[in-house]
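Chemist: As input, take coords07.cif (mmCIF, C-alpha atoms):
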```cif
data_my_file
loop_
_atom_site.label_atom_id
_atom_site.label_comp_id
_atom_site.auth_asym_id
_atom_site.auth_seq_id
_atom_site.Cartn_x
_atom_site.Cartn_y
_atom_site.Cartn_z
CA MET A 709 11.49 9.92 -4.36
CA THR A 710 10.01 13.22 -3.28
CA GLU A 711 7.65 15.58 -5.02
CA HIS A 712 10.68 17.57 -6.23
CA ASP A 713 12.30 14.65 -8.08
CA THR A 714 13.80 16.02 -11.28
CA SER A 715 15.08 12.81 -12.89
CA PRO A 716 14.57 12.66 -16.69
CA ASP A 717 11.47 10.48 -16.49
CA THR A 718 9.61 12.93 -14.23
CA THR A 719 10.06 16.20 -16.14
CA LEU A 720 6.72 15.86 -17.94
CA LEU A 721 4.87 16.99 -14.81
CA SER A 722 6.27 20.43 -14.06
CA ASP A 723 6.28 21.86 -10.55
CA ASP A 724 3.90 24.59 -11.72
CA LEU A 725 1.41 22.10 -13.11
CA LEU A 726 1.58 19.96 -9.99
CA SER A 727 1.08 23.04 -7.83
CA ARG A 728 -2.13 23.90 -9.69
CA ILE A 729 -3.32 20.31 -9.44
CA ARG A 730 -2.62 20.21 -5.69
CA GLU A 731 -4.46 23.49 -5.14
CA ARG A 732 -7.58 22.12 -6.83
CA ALA A 733 -7.61 18.75 -5.06
CA ALA A 734 -9.31 19.93 -1.87
CA GLY A 735 -12.14 21.58 -3.82
CA TYR A 736 -12.82 18.49 -5.91
CA ASP A 737 -12.94 16.42 -2.73
CA ARG A 738 -15.19 18.87 -0.87
CA ASP A 739 -17.63 19.23 -3.77
CA ASN A 740 -17.50 15.55 -4.79
CA ARG A 741 -16.69 16.76 -8.29
CA PHE A 742 -14.79 15.31 -11.26
CA PHE A 743 -11.30 16.73 -11.78
CA THR A 744 -12.28 18.52 -14.97
CA GLU A 745 -9.56 21.18 -14.94
CA ASP A 746 -6.83 18.70 -14.03
CA PHE A 747 -7.97 16.36 -16.78
CA ALA A 748 -7.91 19.13 -19.39
CA GLU A 749 -4.40 20.25 -18.42
CA LEU A 750 -3.03 16.72 -18.37
CA ALA A 751 -4.57 15.98 -21.76
CA ASP A 752 -3.09 19.19 -23.19
CA GLU A 753 0.33 18.15 -21.86
CA GLY A 754 0.02 14.84 -23.70
CA TYR A 755 0.07 12.94 -20.43
CA LEU A 756 -2.70 10.56 -21.51
CA ARG A 757 -0.44 9.51 -24.39
CA ALA A 758 2.50 8.64 -22.13
CA LEU A 759 2.55 4.92 -22.97
CA VAL A 760 1.51 5.33 -26.60
CA PRO A 761 4.41 4.74 -29.02
CA LYS A 762 5.65 7.79 -30.89
CA GLU A 763 4.58 6.29 -34.22
CA PHE A 764 0.96 6.58 -33.02
CA GLY A 765 1.35 10.14 -31.76
CA GLY A 766 2.35 9.28 -28.22
CA LEU A 767 5.27 10.06 -25.94
CA GLY A 768 6.76 6.59 -26.15
CA LEU A 769 7.49 6.25 -22.44
CA SER A 770 8.18 2.97 -20.69
CA LEU A 771 6.03 1.48 -17.95
CA GLN A 772 8.81 2.24 -15.47
CA GLN A 773 8.89 5.92 -16.46
CA THR A 774 5.10 6.17 -16.37
CA ALA A 775 4.91 4.54 -12.94
CA ARG A 776 7.32 7.15 -11.59
CA LEU A 777 5.21 9.89 -13.13
CA GLN A 778 2.06 8.47 -11.57
CA ALA A 779 3.68 8.44 -8.15
CA ARG A 780 4.61 12.08 -8.65
CA LEU A 781 1.08 13.00 -9.77
CA ALA A 782 -0.46 11.12 -6.82
CA GLY A 783 1.66 13.19 -4.46
CA ALA A 784 -0.26 16.22 -5.69
CA ALA A 785 -3.74 14.73 -6.10
CA PRO A 786 -4.33 11.02 -5.41
CA ALA A 787 -7.83 10.91 -6.93
CA THR A 788 -6.64 12.55 -10.13
CA ALA A 789 -3.81 10.04 -10.42
CA LEU A 790 -6.03 7.07 -9.63
CA ALA A 791 -8.60 7.99 -12.26
CA VAL A 792 -5.99 8.70 -14.94
CA ASN A 793 -4.52 5.31 -14.05
CA MET A 794 -7.44 3.53 -15.66
CA HIS A 795 -6.72 5.06 -19.05
CA LEU A 796 -3.00 4.47 -18.66
CA VAL A 797 -3.64 0.85 -17.71
CA TRP A 798 -5.40 0.12 -21.00
CA THR A 799 -2.68 1.80 -23.05
CA GLY A 800 -0.12 -0.09 -20.97
CA ILE A 801 -1.90 -3.38 -21.62
CA ALA A 802 -1.87 -2.69 -25.35
CA LYS A 803 1.82 -1.80 -25.22
CA THR A 804 2.72 -4.86 -23.14
CA LEU A 805 0.99 -7.12 -25.66
CA ARG A 806 2.54 -5.35 -28.64
CA ASP A 807 6.01 -5.59 -27.12
CA ARG A 808 5.43 -9.36 -27.04
CA GLY A 809 4.29 -9.59 -30.65
CA ASP A 810 0.52 -9.37 -30.06
CA ASP A 811 -1.18 -6.53 -31.97
CA SER A 812 -4.74 -7.39 -30.95
CA LEU A 813 -5.07 -4.14 -28.95
CA GLU A 814 -3.07 -1.94 -31.29
CA PHE A 815 -6.25 0.04 -31.96
CA VAL A 816 -6.15 1.17 -28.31
CA LEU A 817 -2.74 2.76 -28.87
CA ARG A 818 -3.78 4.27 -32.18
CA GLU A 819 -7.02 5.74 -30.85
CA ALA A 820 -5.44 6.95 -27.60
CA GLY A 821 -2.88 8.73 -29.74
CA GLN A 822 -5.80 10.46 -31.45
CA GLY A 823 -7.28 11.61 -28.16
CA GLU A 824 -9.74 8.87 -27.23
CA VAL A 825 -10.09 8.19 -23.50
CA PHE A 826 -10.27 4.61 -22.25
CA ALA A 827 -11.88 3.50 -19.01
CA PHE A 828 -11.94 0.23 -17.09
CA GLY A 829 -15.33 -1.48 -16.96
CA LEU A 830 -14.45 -4.87 -15.48
CA SER A 831 -15.31 -4.75 -11.76
CA GLU A 832 -18.61 -6.25 -10.57
CA ALA A 833 -20.19 -6.25 -7.13
CA GLY A 834 -19.82 -9.64 -5.48
CA ASN A 835 -17.51 -11.05 -8.17
CA ASP A 836 -14.52 -12.32 -6.20
CA LEU A 837 -13.37 -14.28 -9.27
CA VAL A 838 -12.31 -10.91 -10.75
CA LEU A 839 -10.98 -11.72 -14.27
CA PHE A 840 -11.85 -15.41 -14.04
CA GLY A 841 -15.62 -15.08 -14.05
CA SER A 842 -18.37 -12.54 -14.70
CA THR A 843 -21.92 -11.76 -13.70
CA THR A 844 -22.39 -9.72 -16.88
CA GLU A 845 -23.99 -11.37 -19.90
CA ALA A 846 -22.14 -11.19 -23.21
CA ARG A 847 -24.72 -11.96 -25.87
CA PRO A 848 -23.31 -12.84 -29.31
CA GLU A 849 -24.67 -11.33 -32.52
CA SER A 850 -24.60 -12.98 -35.94
CA ASP A 851 -21.94 -10.56 -37.23
CA GLY A 852 -19.44 -11.47 -34.53
CA SER A 853 -20.23 -8.50 -32.31
CA TYR A 854 -21.38 -8.77 -28.70
CA ARG A 855 -23.90 -6.90 -26.61
CA PHE A 856 -23.23 -6.64 -22.89
CA HIS A 857 -25.86 -6.70 -20.16
CA GLY A 858 -24.82 -6.22 -16.55
CA ARG A 859 -23.69 -3.86 -13.82
CA LYS A 860 -20.13 -2.59 -13.53
CA ILE A 861 -18.88 -0.76 -10.45
CA PHE A 862 -15.94 1.56 -9.78
CA THR A 863 -15.94 2.88 -13.35
CA SER A 864 -13.43 5.68 -12.96
CA LEU A 865 -13.43 8.51 -15.52
CA SER A 866 -17.20 8.15 -15.87
CA PRO A 867 -17.69 11.74 -17.09
CA ALA A 868 -14.84 11.62 -19.60
CA TRP A 869 -14.34 8.23 -21.20
CA THR A 870 -15.03 7.69 -24.88
CA ARG A 871 -14.13 3.99 -24.92
CA LEU A 872 -14.96 1.44 -22.21
CA GLY A 873 -13.11 -1.85 -22.00
CA THR A 874 -15.41 -4.43 -20.46
CA MET A 875 -16.10 -8.16 -20.20
CA GLY A 876 -18.96 -10.58 -19.77
CA LEU A 877 -19.86 -14.27 -19.90
CA ASP A 878 -21.04 -15.84 -23.16
CA SER A 879 -23.15 -18.79 -22.06
CA THR A 880 -25.03 -19.44 -25.32
CA SER A 881 -22.44 -20.06 -28.07
CA ASP A 882 -21.59 -23.60 -29.12
CA ASP A 883 -18.24 -23.41 -27.34
CA ALA A 884 -19.66 -21.67 -24.23
CA PRO A 885 -18.90 -20.71 -21.58
CA LYS A 886 -16.43 -18.01 -22.61
CA ILE A 887 -15.29 -14.81 -20.93
CA VAL A 888 -15.58 -12.15 -23.64
CA TYR A 889 -13.48 -8.98 -23.58
CA GLY A 890 -14.55 -6.10 -25.77
CA PHE A 891 -14.62 -2.33 -26.11
CA ILE A 892 -17.74 -0.21 -26.43
CA GLU A 893 -17.98 3.39 -27.60
CA ARG A 894 -19.73 6.10 -25.64
CA THR A 895 -21.56 7.28 -28.75
CA GLY A 896 -22.99 3.79 -29.27
CA GLY A 897 -25.26 3.97 -26.22
CA GLY A 898 -26.72 0.91 -24.55
CA PHE A 899 -25.60 1.90 -21.08
CA GLU A 900 -26.52 4.15 -18.17
CA ILE A 901 -24.09 5.92 -15.86
CA ARG A 902 -25.54 6.26 -12.39
CA GLU A 903 -24.20 9.25 -10.49
CA ASP A 904 -23.82 7.32 -7.25
CA TRP A 905 -20.19 8.08 -6.36
CA ASP A 906 -20.46 9.62 -2.88
CA THR A 907 -17.60 8.02 -1.00
CA LEU A 908 -15.24 8.48 1.90
CA GLY A 909 -12.23 9.21 -0.28
CA MET A 910 -10.94 9.31 -3.85
CA ARG A 911 -14.02 11.38 -4.60
CA ALA A 912 -12.76 13.20 -7.69
CA THR A 913 -12.42 9.94 -9.61
CA GLN A 914 -16.21 9.89 -10.01
CA SER A 915 -16.10 6.12 -10.38
CA ASN A 916 -19.82 5.76 -10.96
CA THR A 917 -21.74 2.55 -11.51
CA THR A 918 -22.24 1.72 -15.19
CA VAL A 919 -25.30 -0.34 -16.13
CA LEU A 920 -24.80 -2.08 -19.46
CA ASP A 921 -28.07 -2.72 -21.28
CA GLY A 922 -27.15 -3.84 -24.77
CA ALA A 923 -23.92 -1.85 -25.15
CA ARG A 924 -22.30 -3.19 -28.32
CA ALA A 925 -18.72 -4.15 -29.01
CA SER A 926 -18.28 -4.55 -32.76
CA ALA A 927 -16.56 -7.69 -34.03
CA ASP A 928 -13.26 -5.89 -34.53
CA ARG A 929 -13.38 -4.65 -30.93
CA VAL A 930 -13.94 -8.08 -29.41
CA VAL A 931 -10.39 -8.85 -28.36
CA ARG A 932 -10.65 -12.15 -26.45
CA ARG A 933 -12.93 -15.14 -25.79
CA LEU A 934 -11.34 -17.09 -22.94
CA ASP A 935 -12.30 -20.07 -20.84
CA PRO A 936 -13.44 -19.04 -17.35
CA GLY A 937 -10.94 -19.54 -14.57
CA PRO A 938 -7.18 -18.95 -14.42
CA ASN A 939 -5.86 -18.54 -17.94
CA PRO A 940 -2.32 -18.26 -19.38
CA ASP A 941 -3.47 -15.88 -22.11
CA PRO A 942 -1.12 -12.88 -22.47
CA LEU A 943 -4.04 -10.48 -22.01
CA VAL A 944 -4.55 -11.71 -18.45
CA PHE A 945 -0.88 -11.15 -17.66
CA ALA A 946 -0.93 -7.70 -19.29
CA ILE A 947 -3.98 -6.64 -17.27
CA PHE A 948 -2.49 -7.82 -13.98
CA ALA A 949 0.93 -6.32 -14.69
CA ASN A 950 -0.20 -2.86 -15.68
CA PHE A 951 -3.04 -2.59 -13.19
CA GLU A 952 -1.01 -3.69 -10.16
CA ILE A 953 2.13 -1.73 -11.02
CA LEU A 954 0.40 1.54 -11.85
CA LEU A 955 -1.88 1.16 -8.84
CA ALA A 956 1.15 0.61 -6.61
CA ALA A 957 2.65 3.78 -8.10
CA VAL A 958 -0.33 5.86 -6.97
CA TYR A 959 -0.08 4.64 -3.39
CA THR A 960 3.69 5.05 -3.42
CA GLY A 961 3.03 8.70 -4.27
CA ILE A 962 0.54 9.06 -1.41
CA GLY A 963 3.08 7.71 1.04
CA SER A 964 5.78 10.02 -0.30
CA ARG A 965 3.58 13.09 0.11
CA ALA A 966 2.52 12.05 3.62
CA LEU A 967 6.15 11.69 4.64
CA ASP A 968 6.94 15.17 3.30
CA LEU A 969 4.01 16.61 5.25
CA ALA A 970 5.16 14.84 8.42
CA VAL A 971 8.62 16.38 8.10
CA GLU A 972 7.13 19.84 7.54
CA ALA A 973 4.87 19.45 10.57
CA ALA A 974 7.70 18.25 12.81
CA HIS A 975 9.70 21.38 12.04
CA ARG A 976 6.69 23.72 12.21
CA ARG A 977 5.15 22.57 15.48
CA THR A 978 6.71 23.62 18.75
CA SER A 979 6.56 22.14 22.24
CA LEU A 980 5.91 24.18 25.37
CA LYS A 981 7.29 21.44 27.61
CA ASN A 982 10.55 21.53 25.64
CA ASP A 983 11.14 25.29 25.84
CA GLY A 984 9.48 26.08 22.54
CA ARG A 985 11.73 23.86 20.47
CA SER A 986 10.28 22.21 17.38
CA TYR A 987 8.95 18.69 17.51
CA ALA A 988 11.78 17.74 15.16
CA ASN A 989 13.83 17.50 18.39
CA ASP A 990 11.36 15.23 20.19
CA PRO A 991 12.67 11.62 20.27
CA ASP A 992 9.20 10.09 19.88
CA ILE A 993 8.39 12.25 16.86
CA ARG A 994 11.79 11.52 15.36
CA TRP A 995 11.13 7.80 15.76
CA ARG A 996 7.77 8.07 14.00
CA VAL A 997 9.22 10.00 11.06
CA ALA A 998 12.13 7.58 10.82
CA GLU A 999 9.77 4.59 10.91
CA ALA A 1000 7.70 6.08 8.10
CA ALA A 1001 10.80 6.89 6.05
CA ILE A 1002 12.21 3.37 6.46
CA GLU A 1003 9.00 1.82 5.16
CA GLN A 1004 8.49 4.33 2.37
CA ASP A 1005 12.08 4.02 1.19
CA ALA A 1006 11.54 0.38 0.20
CA LEU A 1007 8.74 1.03 -2.30
CA LEU A 1008 10.28 2.92 -5.20
CA PRO A 1009 13.09 0.41 -5.86
CA GLN A 1010 10.53 -2.40 -5.97
CA LEU A 1011 8.25 -0.39 -8.24
CA ASP A 1012 11.15 0.48 -10.57
CA ALA A 1013 12.41 -3.09 -10.67
CA LEU A 1014 9.10 -4.79 -11.45
CA ALA A 1015 8.00 -2.19 -14.01
CA GLY A 1016 11.42 -2.46 -15.61
CA ASP A 1017 11.03 -6.24 -15.80
CA VAL A 1018 7.77 -5.81 -17.72
CA ASP A 1019 9.49 -3.36 -20.06
CA THR A 1020 12.43 -5.70 -20.74
CA LEU A 1021 10.29 -8.85 -21.10
CA ALA A 1022 11.85 -10.54 -18.08
CA ASP A 1023 10.67 -14.08 -17.44
CA HIS A 1024 9.59 -14.71 -13.85
CA GLY A 1025 7.55 -17.74 -14.81
CA ARG A 1026 5.17 -18.88 -12.06
CA LEU A 1027 6.37 -16.05 -9.80
CA TRP A 1028 5.05 -13.23 -11.99
CA PHE A 1029 1.64 -13.06 -10.36
CA PRO A 1030 2.95 -13.36 -6.78
CA LYS A 1031 5.37 -10.53 -7.50
CA LEU A 1032 2.63 -8.33 -8.94
CA VAL A 1033 0.07 -8.85 -6.19
CA GLY A 1034 2.81 -8.60 -3.58
CA LEU A 1035 3.83 -5.17 -4.88
CA LYS A 1036 0.24 -3.96 -4.79
CA VAL A 1037 -0.32 -5.13 -1.21
CA ARG A 1038 3.00 -3.72 0.01
CA ALA A 1039 2.38 -0.35 -1.62
CA THR A 1040 -1.17 0.10 -0.34
CA GLU A 1041 -0.47 -1.18 3.17
CA THR A 1042 2.76 0.79 3.47
CA ALA A 1043 0.99 3.95 2.34
CA ARG A 1044 -1.67 3.44 5.03
CA ARG A 1045 0.97 3.08 7.74
CA VAL A 1046 2.99 6.06 6.53
CA VAL A 1047 -0.10 8.27 6.42
CA ASP A 1048 -1.03 7.12 9.91
CA GLN A 1049 2.42 8.01 11.24
CA ALA A 1050 2.27 11.39 9.49
CA ILE A 1051 -1.06 12.17 11.15
CA ARG A 1052 0.31 11.27 14.57
CA VAL A 1053 3.28 13.57 13.95
CA SER A 1054 1.13 16.42 12.65
CA GLY A 1055 -1.40 16.54 15.48
CA GLY A 1056 -5.06 17.42 15.83
CA SER A 1057 -5.21 19.83 12.90
CA THR A 1058 -5.43 16.81 10.59
CA PHE A 1059 -8.83 15.99 12.11
CA PHE A 1060 -10.37 19.08 10.55
CA ALA A 1061 -12.16 18.96 7.20
CA GLY A 1062 -10.00 20.32 4.41
CA ASN A 1063 -6.67 19.31 5.93
CA GLU A 1064 -4.51 17.64 3.29
CA LEU A 1065 -3.32 14.83 5.53
CA GLY A 1066 -6.89 14.18 6.62
CA ARG A 1067 -7.82 13.83 2.95
CA LEU A 1068 -4.87 11.50 2.33
CA TYR A 1069 -6.07 9.41 5.27
CA ARG A 1070 -9.42 8.98 3.55
CA ASP A 1071 -7.95 8.49 0.09
CA VAL A 1072 -5.44 5.86 1.15
CA LEU A 1073 -8.20 3.60 2.50
CA ALA A 1074 -9.30 2.90 -1.07
CA GLY A 1075 -6.22 0.72 -1.43
CA ILE A 1076 -7.97 -1.98 0.60
CA PHE A 1077 -10.61 -2.49 -2.07
CA HIS A 1078 -8.56 -2.63 -5.28
CA PRO A 1079 -7.82 -6.08 -6.64
CA SER A 1080 -5.96 -8.04 -5.65
CA ASP A 1081 -7.14 -7.71 -2.05
CA ALA A 1082 -4.96 -9.01 0.75
CA GLU A 1083 -6.77 -12.35 1.00
CA SER A 1084 -6.55 -13.05 -2.72
CA ALA A 1085 -2.93 -11.91 -2.86
CA HIS A 1086 -1.88 -14.19 -0.03
CA ASN A 1087 -3.66 -17.11 -1.70
CA THR A 1088 -1.81 -16.38 -4.95
CA VAL A 1089 1.56 -16.27 -3.20
CA ALA A 1090 0.85 -19.37 -1.11
CA ASN A 1091 -0.15 -21.36 -4.19
CA ALA A 1092 3.04 -20.30 -5.98
CA TRP A 1093 5.29 -21.39 -3.14
CA LEU A 1094 3.36 -24.27 -1.56
CA GLY A 1095 1.15 -25.51 -4.36
CA PRO A 1096 -2.64 -25.78 -4.12
CA THR A 1097 -4.24 -27.12 -0.96
CA GLU A 1098 -5.23 -30.78 -0.86
CA ASP A 1099 -8.89 -31.62 -1.38
#
```
Go ahead and express the file in the form of structure tokens.
Modeler:
Amino acid sequence: MTEHDTSPDTTLLSDDLLSRIRERAAGYDRDNRFFTEDFAELADEGYLRALVPKEFGGLGLSLQQTARLQARLAGAAPATALAVNMHLVWTGIAKTLRDRGDDSLEFVLREAGQGEVFAFGLSEAGNDLVLFGSTTEARPESDGSYRFHGRKIFTSLSPAWTRLGTMGLDSTSDDAPKIVYGFIERTGGGFEIREDWDTLGMRATQSNTTVLDGARASADRVVRRLDPGPNPDPLVFAIFANFEILLAAVYTGIGSRALDLAVEAAHRRTSLKNDGRSYANDPDIRWRVAEAAIEQDALLPQLDALAGDVDTLADHGRLWFPKLVGLKVRATETARRVVDQAIRVSGGSTFFAGNELGRLYRDVLAGIFHPSDAESAHNTVANAWLGPTED
């Protein structure tokens, strides 16, 4: 897939819109500023309602179609795509559950169709258990609601969200401990957003730290109380599936854009030692571009296939999680290698501030830190194929 893909599932993002988004990306990065104009245009286009069923005012797209769109958007502005991902993930989770007969998050689809913006408030510093544990306290109230106390990191869409999906540990109820998932409203207060997002890359996401200090999820917005540790609950599958697939889509888009830029640079640059011919004739440059293209070419079919399997309710059994984490690792690591090759092809200009490939080089590094990280992913795959290690 290239940035000019015109297949039916990519027509929502017009070339004109993507051009405007690409033009703004460097400024957002330089100023460490939220992508306000991009966000407004995407919302006006209905893009935030991509995964919302038509009956709730959405576009009714599949996860496969939305993943392709996210790859296309990331080719124009990775940080914009990554931040929008968090909203799309929650709507995707709700859709995945609903497709399997679980309406517990139907309110997410309904409210997203009405213009509410959902953000992901799950990540915690030092919590390598990810979904299977929490350092945040979930304190129960007598009416069935919960108040959350803790510190969440990497909260993308900090300036824009109206709903925050979060979790914490209930250690006081009779059946404790329980991991509690709930949604808080921005107007309800009980939290502080710290403007501490000053990072190497993905700067426009403004994924600020969120300190929860009594933020309340009403009883009808408490969607799960699960035992800590690995859990077969459909919500856990839905979170993993949508997060990993849509995340992989963003990095697939970064790799695609880097490859396009490498091709442009190879034709644009000329070599004095080769009589002024373009570097597109240099065998070493040709090898680098070919190597990048070979790696990049493998991603979209995998992305399509796995997203399509979620859409069609395919049953991969014990291999679902290895497939999901494997896709994420392949996409992020491949994107890093493709960007690196593109920089080597494009030369020293990429070392200057403001160069698009230089920005992609910084943005693509964020892939290392998203769950599942390489260590966790390899453990998941090893357990699936070899079983757990002996005590």
Chemist: Please compute the atom CA of Arg894 of chain A-atom CA of Trp869 of chain A distance, one decimal, in Å.
Modeler: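 Between atom CA of Arg894 of chain A and atom CA of Trp869 of chain A the gap is 7.3 Å.
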Chemist: Would you translate the PyMOL selection byres ((chain A and resi 1045-1056) around 6) into the concrete set of residues it matches in this file, as number ranges by chain?
Modeler: A: 963, 966, 970, 973, 1000, 1042-1044, 1057-1059
Chemist: Find the residues of segment 970-1065 of chain A that sit at most 12 Å from segment 1077-1093 of chain A; for each, write down the nearest two atoms and how far apart they are in Å, to one decimal. Count only C-alpha atoms. Sort by chain, then by number going up, and give it as JSON lines.
Modeler:
```
{"residue": "A:His1024", "atom": "CA", "partner": "A:Ala1092", "partner_atom": "CA", "distance": 11.7}
{"residue": "A:Gly1025", "atom": "CA", "partner": "A:Ala1092", "partner_atom": "CA", "distance": 10.2}
{"residue": "A:Arg1026", "atom": "CA", "partner": "A:Ala1092", "partner_atom": "CA", "distance": 6.6}
{"residue": "A:Leu1027", "atom": "CA", "partner": "A:Ala1092", "partner_atom": "CA", "distance": 6.6}
{"residue": "A:Trp1028", "atom": "CA", "partner": "A:Ala1092", "partner_atom": "CA", "distance": 9.5}
{"residue": "A:Phe1029", "atom": "CA", "partner": "A:Thr1088", "partner_atom": "CA", "distance": 7.2}
{"residue": "A:Pro1030", "atom": "CA", "partner": "A:Val1089", "partner_atom": "CA", "distance": 4.8}
{"residue": "A:Lys1031", "atom": "CA", "partner": "A:Val1089", "partner_atom": "CA", "distance": 8.1}
{"residue": "A:Leu1032", "atom": "CA", "partner": "A:Ala1085", "partner_atom": "CA", "distance": 9.0}
{"residue": "A:Val1033", "atom": "CA", "partner": "A:Ala1085", "partner_atom": "CA", "distance": 5.4}
{"residue": "A:Gly1034", "atom": "CA", "partner": "A:Ala1085", "partner_atom": "CA", "distance": 6.7}
{"residue": "A:Leu1035", "atom": "CA", "partner": "A:Ala1085", "partner_atom": "CA", "distance": 9.8}
{"residue": "A:Lys1036", "atom": "CA", "partner": "A:Ser1080", "partner_atom": "CA", "distance": 7.5}
{"residue": "A:Val1037", "atom": "CA", "partner": "A:Ala1082", "partner_atom": "CA", "distance": 6.4}
{"residue": "A:Arg1038", "atom": "CA", "partner": "A:Ala1082", "partner_atom": "CA", "distance": 9.6}
{"residue": "A:Ala1039", "atom": "CA", "partner": "A:Ala1082", "partner_atom": "CA", "distance": 11.6}
{"residue": "A:Thr1040", "atom": "CA", "partner": "A:His1078", "partner_atom": "CA", "distance": 9.3}
{"residue": "A:Glu1041", "atom": "CA", "partner": "A:Ala1082", "partner_atom": "CA", "distance": 9.3}
```
Chemist: Kindly give the distance, in Å, that separates atom CA of Ile801 of chain A and atom CA of Tyr889 of chain A, rounded to a single decimal.
Modeler: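 Between these atoms lies a distance of 13.0 Å.
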Chemist: Would you kindly translate the PyMOL selection byres ((chain A and resi 1074) around 12) into the concrete residues it picks from this file, as an NGL selection string?
Modeler: :A and (786-787 or 790 or 862 or 907-911 or 913 or 915 or 955 or 958-959 or 962 or 1040-1041 or 1043-1044 or 1067-1073 or 1075-1079 or 1081)
Chemist: What is the distance between atom CA of Leu920 of chain A and atom CA of Phe948 of chain A, in Å to one decimal?
Modeler: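 Interatomic distance here is 23.7 Å.
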Chemist: Wanna dump the segment 985-1090 of chain A-segment 808-821 of chain A contacts at 12 Å for me, each residue with its shortest atom pair and the distance in Å to one decimal, counting all atoms listed in the file, ordered by chain and number, as JSON lines?
Modeler:
```
{"residue": "A:Val1018", "atom": "CA", "partner": "A:Arg808", "partner_atom": "CA", "distance": 10.2}
{"residue": "A:Asp1019", "atom": "CA", "partner": "A:Arg808", "partner_atom": "CA", "distance": 10.1}
{"residue": "A:Thr1020", "atom": "CA", "partner": "A:Arg808", "partner_atom": "CA", "distance": 10.1}
{"residue": "A:Leu1021", "atom": "CA", "partner": "A:Arg808", "partner_atom": "CA", "distance": 7.7}
{"residue": "A:Ala1022", "atom": "CA", "partner": "A:Arg808", "partner_atom": "CA", "distance": 11.1}
{"residue": "A:Asp1023", "atom": "CA", "partner": "A:Arg808", "partner_atom": "CA", "distance": 11.9}
```
Chemist: Compare A:Ala833, A:Val797, A:Ala927, A:Ala784 by their minimum atom-to-atom distance to Ser850 of chain A, counting only C-alpha atoms, and give me the closest one.
Modeler: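 Of A:Ala833, A:Val797, A:Ala927, A:Ala784, the one nearest Ser850 of chain A, counting only C-alpha atoms, is A:Ala927.
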Chemist: List every residue of segment 996-1068 of chain A that has an atom at most 9 Å from any atom of segment 724-739 of chain A, giving for each one its closest atom pair and the distance in Å to one decimal, counting only C-alpha atoms, sorted by chain and then by ascending residue number, as a tab-separated table.
Modeler:
```
residue	atom	partner	partner_atom	distance
A:Ala1061	CA	A:Arg738	CA	8.6
A:Gly1062	CA	A:Ala734	CA	6.3
A:Asn1063	CA	A:Ala734	CA	8.3
A:Glu1064	CA	A:Ala734	CA	7.4
A:Arg1067	CA	A:Ala734	CA	7.9
```
